[in-house]
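Visitor: Here it is, the structure in full.
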Amino acid sequence: MSALDDGVAALAPVPLDELVAEAALLTRVDRKYVLPLADAERVVAALPAGTRVLEIGGHRGLRYESVYFDTPDLLSWRLAAHSRRRRFKVRTRTYADTGVAFLEVKTRGARRATVKERIDYDVDDRERLTPEGHEYAEASLRPLGLDAGIVDELVPTLVSGYRRTTFAPPEAGLRATLDVGLAWELPDGTRLETPQVAIVETKSGARASDVDRVLWRAGHRPVSISKYGTGLAAIRGDLAAGRWARVLRRHFAREGGVRCAA
């Protein structure tokens with residue numbers, strides 16, 4: 001057992017229905033942090049007293065797999081890389097420990113509000129858009145004014161995997177997640193693993209949470225990162241890093257890999 005596992009095991013559990021009910025009480029602001037795994041172990045050890053951890057079927061570190069769909073010219077990736085106001089993301093998300101899967105569409109409109117919608121999906125179809133999935137994606141993207149034919153072009157572009165631990169701090173409605181074991185894979189089998197990197201995401205109100213303050217005291221500040229956008233730029237040396245250049249240089253650079261253009 002690692003020091004991180006020991007720290008997680010020492011916390012009291014919280015069931016999923018209670019976590020969802022509490023988190024729904026608050027309009028959240030998401031802040032993301034990228035840090036070395038050793039620092040993540042220290043952050044978990046310093047979490048506020050009374051913090052609980054999500055437990056499902058005896059598991060506290062739950063395995064996630066996401067398959068991202070994009071056009072051959074990477075429209076979804078390019079819109080995010082250049083911070084376009086109207087952008088989208090289409091993916092399937094599989095909860096590997098339970099065998100449950102969803103098709104998710106995330107959009108950002110003119111008012112910069114991010115909307116995530118999803119439908120149940122057959123886990124065996126996670127690497128393709130079924131007719132139902134195609135119809136759902138098309139209806140979700142229509143408000144952005146995108147060409148209806150874009151959905152016809154969507155193909156699996158990147159698979160990401162990681163193990164997520166979800167924490168419920170004692171402050172009502174707050175939540176934090178810790179992702180480790182991060183890996184990305186292209187359709188041709190090219191793979192990038194970052195076993196010594198962790199991503200922490202806090203979900204709180206406009207005021208920073210105690211978990212944010214724990215991270216700040218450890219010298220970490222929020223960064224711009226996207227598992228799809230950053231991951232694809234990290235694994236493909238032919239893509240400019242754009243808005244993720246700083247994170248890529250510090251945490252994901254590898255020999256012959258990332259080209260960190262401004």
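Chain labels run A, B, ... following the order of the structure tokens; each chain numbers its residues from 1, and ligands are numbered from 1 in the order shown.
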Name the residues of segment 41-133 of chain A that fall into strand (DSSP E or B) according to DSSP on the backbone, using the chain letters and numbers of this document, as a ChimeraX atom specification.
Guide: /A:52-54,56,59,62-70,87-95,100-108,114-121
Visitor: If you run DSSP on the backbone here, which positions in segment 139-189 of chain A get helix (DSSP H, G or I)? Please write them as a PyMOL selection string.
Guide: chain A and resi 139-144+150-153
Visitor: Could you write those residues out with N, CA and C atoms, as an mmCIF file, in the first residue's frame?
Guide:
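Once everything was written out, this is result06.cif:
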```cif
data_model
loop_
_atom_site.group_PDB
_atom_site.id
_atom_site.type_symbol
_atom_site.label_atom_id
_atom_site.label_comp_id
_atom_site.auth_asym_id
_atom_site.auth_seq_id
_atom_site.Cartn_x
_atom_site.Cartn_y
_atom_site.Cartn_z
ATOM 1 N N ALA A 139 -28.239 17.059 -31.630
ATOM 2 C CA ALA A 139 -29.175 17.942 -30.947
ATOM 3 C C ALA A 139 -28.458 18.820 -29.919
ATOM 4 N N SER A 140 -27.431 18.289 -29.270
ATOM 5 C CA SER A 140 -26.694 19.049 -28.254
ATOM 6 C C SER A 140 -25.844 20.151 -28.863
ATOM 7 N N LEU A 141 -25.322 19.903 -30.085
ATOM 8 C CA LEU A 141 -24.432 20.875 -30.722
ATOM 9 C C LEU A 141 -25.179 21.923 -31.538
ATOM 10 N N ARG A 142 -26.429 21.634 -31.861
ATOM 11 C CA ARG A 142 -27.201 22.543 -32.704
ATOM 12 C C ARG A 142 -27.270 23.970 -32.142
ATOM 13 N N PRO A 143 -27.470 24.173 -30.825
ATOM 14 C CA PRO A 143 -27.537 25.545 -30.299
ATOM 15 C C PRO A 143 -26.268 26.363 -30.507
ATOM 16 N N LEU A 144 -25.131 25.700 -30.773
ATOM 17 C CA LEU A 144 -23.885 26.429 -30.998
ATOM 18 C C LEU A 144 -23.794 26.990 -32.411
ATOM 19 N N ILE A 150 -21.112 18.105 -38.932
ATOM 20 C CA ILE A 150 -19.929 17.886 -38.102
ATOM 21 C C ILE A 150 -20.020 16.560 -37.361
ATOM 22 N N VAL A 151 -21.205 16.231 -36.870
ATOM 23 C CA VAL A 151 -21.352 14.987 -36.114
ATOM 24 C C VAL A 151 -21.046 13.780 -36.993
ATOM 25 N N ASP A 152 -21.363 13.875 -38.290
ATOM 26 C CA ASP A 152 -21.055 12.774 -39.205
ATOM 27 C C ASP A 152 -19.556 12.502 -39.280
ATOM 28 N N GLU A 153 -18.746 13.520 -39.012
ATOM 29 C CA GLU A 153 -17.296 13.388 -39.135
ATOM 30 C C GLU A 153 -16.622 12.893 -37.865
#
```
Visitor: For Val211 of chain A, which residue out of A:Phe88, A:Tyr228, A:Trp244, A:Phe167 is the nearest one, using only C-alpha atoms?
Guide: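 The shortest atom-to-atom distance to Val211 of chain A comes from A:Phe167.
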Visitor: Could you give me, as a PyMOL selection string, the residues within 6 Å of Arg91 of chain A, counting only C-alpha atoms and dropping anything in the same chain fewer than 2 positions from it?
Guide: chain A and resi 67-69+103-104
Visitor: Kindly indicate which residue among A:Gly149, A:Arg236, A:His251, A:Val214 lies nearest to Pro187 of chain A, using only C-alpha atoms for the distances.
Guide: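 Of all the options, A:Arg236 lies closest to Pro187 of chain A.
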Visitor: Quick one: residues within 12 Å of Ala101 of chain A, only C-alpha atoms, excluding same-chain residues fewer than 2 positions away - as JSON, numbers by chain?
Guide: {"A": [64, 65, 66, 67, 91, 92, 93, 94, 95, 96, 97, 98, 99, 103, 104, 118, 119, 120, 121, 122, 123, 124, 125, 126, 127]}
Visitor: For Ala168 of chain A, find every residue with an atom within 8 Å (counting only C-alpha atoms), except residues of its own chain fewer than 5 positions away, and show them as an mmCIF file with all heavy atoms, in the first residue's frame.
Guide:
```
data_model
loop_
_atom_site.group_PDB
_atom_site.id
_atom_site.type_symbol
_atom_site.label_atom_id
_atom_site.label_comp_id
_atom_site.auth_asym_id
_atom_site.auth_seq_id
_atom_site.Cartn_x
_atom_site.Cartn_y
_atom_site.Cartn_z
ATOM 1 N N VAL A 14 -18.162 8.086 2.491
ATOM 2 C CA VAL A 14 -19.435 8.766 2.243
ATOM 3 C C VAL A 14 -20.084 8.066 1.054
ATOM 4 O O VAL A 14 -19.418 7.803 0.048
ATOM 5 C CB VAL A 14 -19.243 10.274 1.964
ATOM 6 C CG1 VAL A 14 -18.336 10.524 0.780
ATOM 7 C CG2 VAL A 14 -20.582 10.958 1.762
ATOM 8 N N LEU A 19 -23.285 12.157 -1.238
ATOM 9 C CA LEU A 19 -22.346 13.091 -1.869
ATOM 10 C C LEU A 19 -23.037 13.919 -2.939
ATOM 11 O O LEU A 19 -22.870 15.138 -3.012
ATOM 12 C CB LEU A 19 -21.179 12.314 -2.475
ATOM 13 C CG LEU A 19 -20.091 13.167 -3.134
ATOM 14 C CD1 LEU A 19 -19.244 13.852 -2.083
ATOM 15 C CD2 LEU A 19 -19.224 12.309 -4.038
ATOM 16 N N THR A 51 -13.044 15.367 6.717
ATOM 17 C CA THR A 51 -13.166 15.043 5.290
ATOM 18 C C THR A 51 -13.478 13.558 5.121
ATOM 19 O O THR A 51 -12.878 12.708 5.770
ATOM 20 C CB THR A 51 -11.860 15.375 4.546
ATOM 21 O OG1 THR A 51 -11.632 16.783 4.607
ATOM 22 C CG2 THR A 51 -11.936 14.956 3.081
ATOM 23 N N ARG A 52 -14.431 13.251 4.248
ATOM 24 C CA ARG A 52 -14.787 11.862 3.945
ATOM 25 C C ARG A 52 -14.461 11.546 2.489
ATOM 26 O O ARG A 52 -14.210 12.454 1.688
ATOM 27 C CB ARG A 52 -16.270 11.624 4.227
ATOM 28 C CG ARG A 52 -16.636 11.759 5.708
ATOM 29 C CD ARG A 52 -18.122 11.560 5.927
ATOM 30 N NE ARG A 52 -18.907 12.615 5.297
ATOM 31 C CZ ARG A 52 -20.233 12.558 5.129
ATOM 32 N NH1 ARG A 52 -20.904 11.477 5.519
ATOM 33 N NH2 ARG A 52 -20.871 13.558 4.562
ATOM 34 N N VAL A 53 -14.465 10.270 2.157
ATOM 35 C CA VAL A 53 -14.093 9.837 0.814
ATOM 36 C C VAL A 53 -15.206 8.961 0.237
ATOM 37 O O VAL A 53 -15.802 8.140 0.937
ATOM 38 C CB VAL A 53 -12.747 9.078 0.829
ATOM 39 C CG1 VAL A 53 -12.833 7.819 1.693
ATOM 40 C CG2 VAL A 53 -12.299 8.734 -0.580
ATOM 41 N N LEU A 54 -15.489 9.164 -1.047
ATOM 42 C CA LEU A 54 -16.515 8.380 -1.723
ATOM 43 C C LEU A 54 -16.083 6.916 -1.795
ATOM 44 O O LEU A 54 -14.968 6.605 -2.187
ATOM 45 C CB LEU A 54 -16.740 8.915 -3.142
ATOM 46 C CG LEU A 54 -17.702 8.110 -4.022
ATOM 47 C CD1 LEU A 54 -19.120 8.141 -3.449
ATOM 48 C CD2 LEU A 54 -17.683 8.660 -5.449
ATOM 49 N N GLY A 173 -21.607 20.931 0.859
ATOM 50 C CA GLY A 173 -21.727 21.028 -0.592
ATOM 51 C C GLY A 173 -20.431 21.037 -1.368
ATOM 52 O O GLY A 173 -20.461 21.056 -2.598
ATOM 53 N N LEU A 174 -19.292 21.007 -0.701
ATOM 54 C CA LEU A 174 -18.019 21.079 -1.413
ATOM 55 C C LEU A 174 -17.533 19.687 -1.802
ATOM 56 O O LEU A 174 -17.933 18.677 -1.234
ATOM 57 C CB LEU A 174 -16.964 21.779 -0.561
ATOM 58 C CG LEU A 174 -17.319 23.178 -0.052
ATOM 59 C CD1 LEU A 174 -16.083 23.852 0.530
ATOM 60 C CD2 LEU A 174 -17.905 24.028 -1.166
ATOM 61 N N ARG A 175 -16.636 19.663 -2.783
ATOM 62 C CA ARG A 175 -16.135 18.392 -3.276
ATOM 63 C C ARG A 175 -14.752 18.611 -3.867
ATOM 64 O O ARG A 175 -14.440 19.696 -4.375
ATOM 65 C CB ARG A 175 -17.086 17.826 -4.330
ATOM 66 C CG ARG A 175 -16.817 16.381 -4.688
ATOM 67 C CD ARG A 175 -17.961 15.788 -5.481
ATOM 68 N NE ARG A 175 -18.088 16.395 -6.794
ATOM 69 C CZ ARG A 175 -19.050 16.119 -7.658
ATOM 70 N NH1 ARG A 175 -20.005 15.282 -7.319
ATOM 71 N NH2 ARG A 175 -19.074 16.679 -8.833
ATOM 72 N N ALA A 176 -13.934 17.574 -3.839
ATOM 73 C CA ALA A 176 -12.618 17.617 -4.467
ATOM 74 C C ALA A 176 -12.327 16.237 -5.041
ATOM 75 O O ALA A 176 -12.742 15.217 -4.479
ATOM 76 C CB ALA A 176 -11.537 18.021 -3.468
#
```
Visitor: Between A:Lys203, A:Lys89, A:Arg191, A:Arg78, which has the minimum distance to Ala172 of chain A (counting only C-alpha atoms)?
Guide: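 Nearest candidate to Ala172 of chain A out of A:Lys203, A:Lys89, A:Arg191, A:Arg78: A:Lys203.
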Visitor: Have a look at atom CA of His59 of chain A and atom CA of Arg213 of chain A and let me know their distance in Å, one decimal.
Guide: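 Interatomic distance, atom CA of His59 of chain A to atom CA of Arg213 of chain A: 27.4 Å.
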Visitor: Which residues are near Ala49 of chain A? Cut-off 10 Å, only C-alpha atoms, ignore same chain within fewer than 6 positions. Put them as a short mmCIF file (atom, residue, chain, number, x, y, z; two decimals) with N, CA and C atoms, in the first residue's frame.
Guide:
```cif
data_model
loop_
_atom_site.label_atom_id
_atom_site.label_comp_id
_atom_site.auth_asym_id
_atom_site.auth_seq_id
_atom_site.Cartn_x
_atom_site.Cartn_y
_atom_site.Cartn_z
N LEU A 11 -9.61 7.81 5.99
CA LEU A 11 -10.78 8.69 6.01
C LEU A 11 -12.06 7.88 6.11
N PRO A 169 -15.18 17.38 1.70
CA PRO A 169 -14.72 18.13 2.86
C PRO A 169 -15.90 18.45 3.79
N PRO A 170 -15.60 18.83 5.03
CA PRO A 170 -16.69 19.10 5.99
C PRO A 170 -17.55 20.30 5.62
#
```
Visitor: Find the distance between atom CA of Trp77 of chain A and atom CA of Lys227 of chain A and write it in Å to one decimal.
Guide: 11.0 Å
Visitor: In terms of the shortest atom-to-atom distance over only C-alpha atoms, which of A:Thr130, A:Ser76, A:Thr165, A:Thr157 is closest to Ala9 of chain A?
Guide: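 For Ala9 of chain A, the nearest of the given residues is A:Thr165.
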Visitor: For atom CA of Ser209 of chain A and atom CA of Ala81 of chain A, determine how far apart the two atoms are, in Å to one decimal place.
Guide: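 Computed distance, atom CA of Ser209 of chain A to atom CA of Ala81 of chain A, equals 28.3 Å.
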Visitor: Using only C-alpha atoms, which of A:Ala10, A:Val29, A:Leu182, A:Ala45 sits nearest Ser160 of chain A?
Guide: A:Leu182
Visitor: Of the candidates A:Arg108, A:Pro156, A:Thr177, A:Arg63, which one gets nearest to Ser83 of chain A if we count only C-alpha atoms?
Guide: A:Arg108
Visitor: Hey, what's within 12 Å of Trp216 of chain A if we count only C-alpha atoms and toss same-chain stuff fewer than 6 positions away? As a list of chain:residue names, please?
Guide: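 Everything that qualifies: A:Arg31, A:Lys32, A:Tyr33, A:Leu35, A:Asp39, A:Val43, A:Ala46, A:Ala208, A:Ser209, A:Asp210, A:Pro222.
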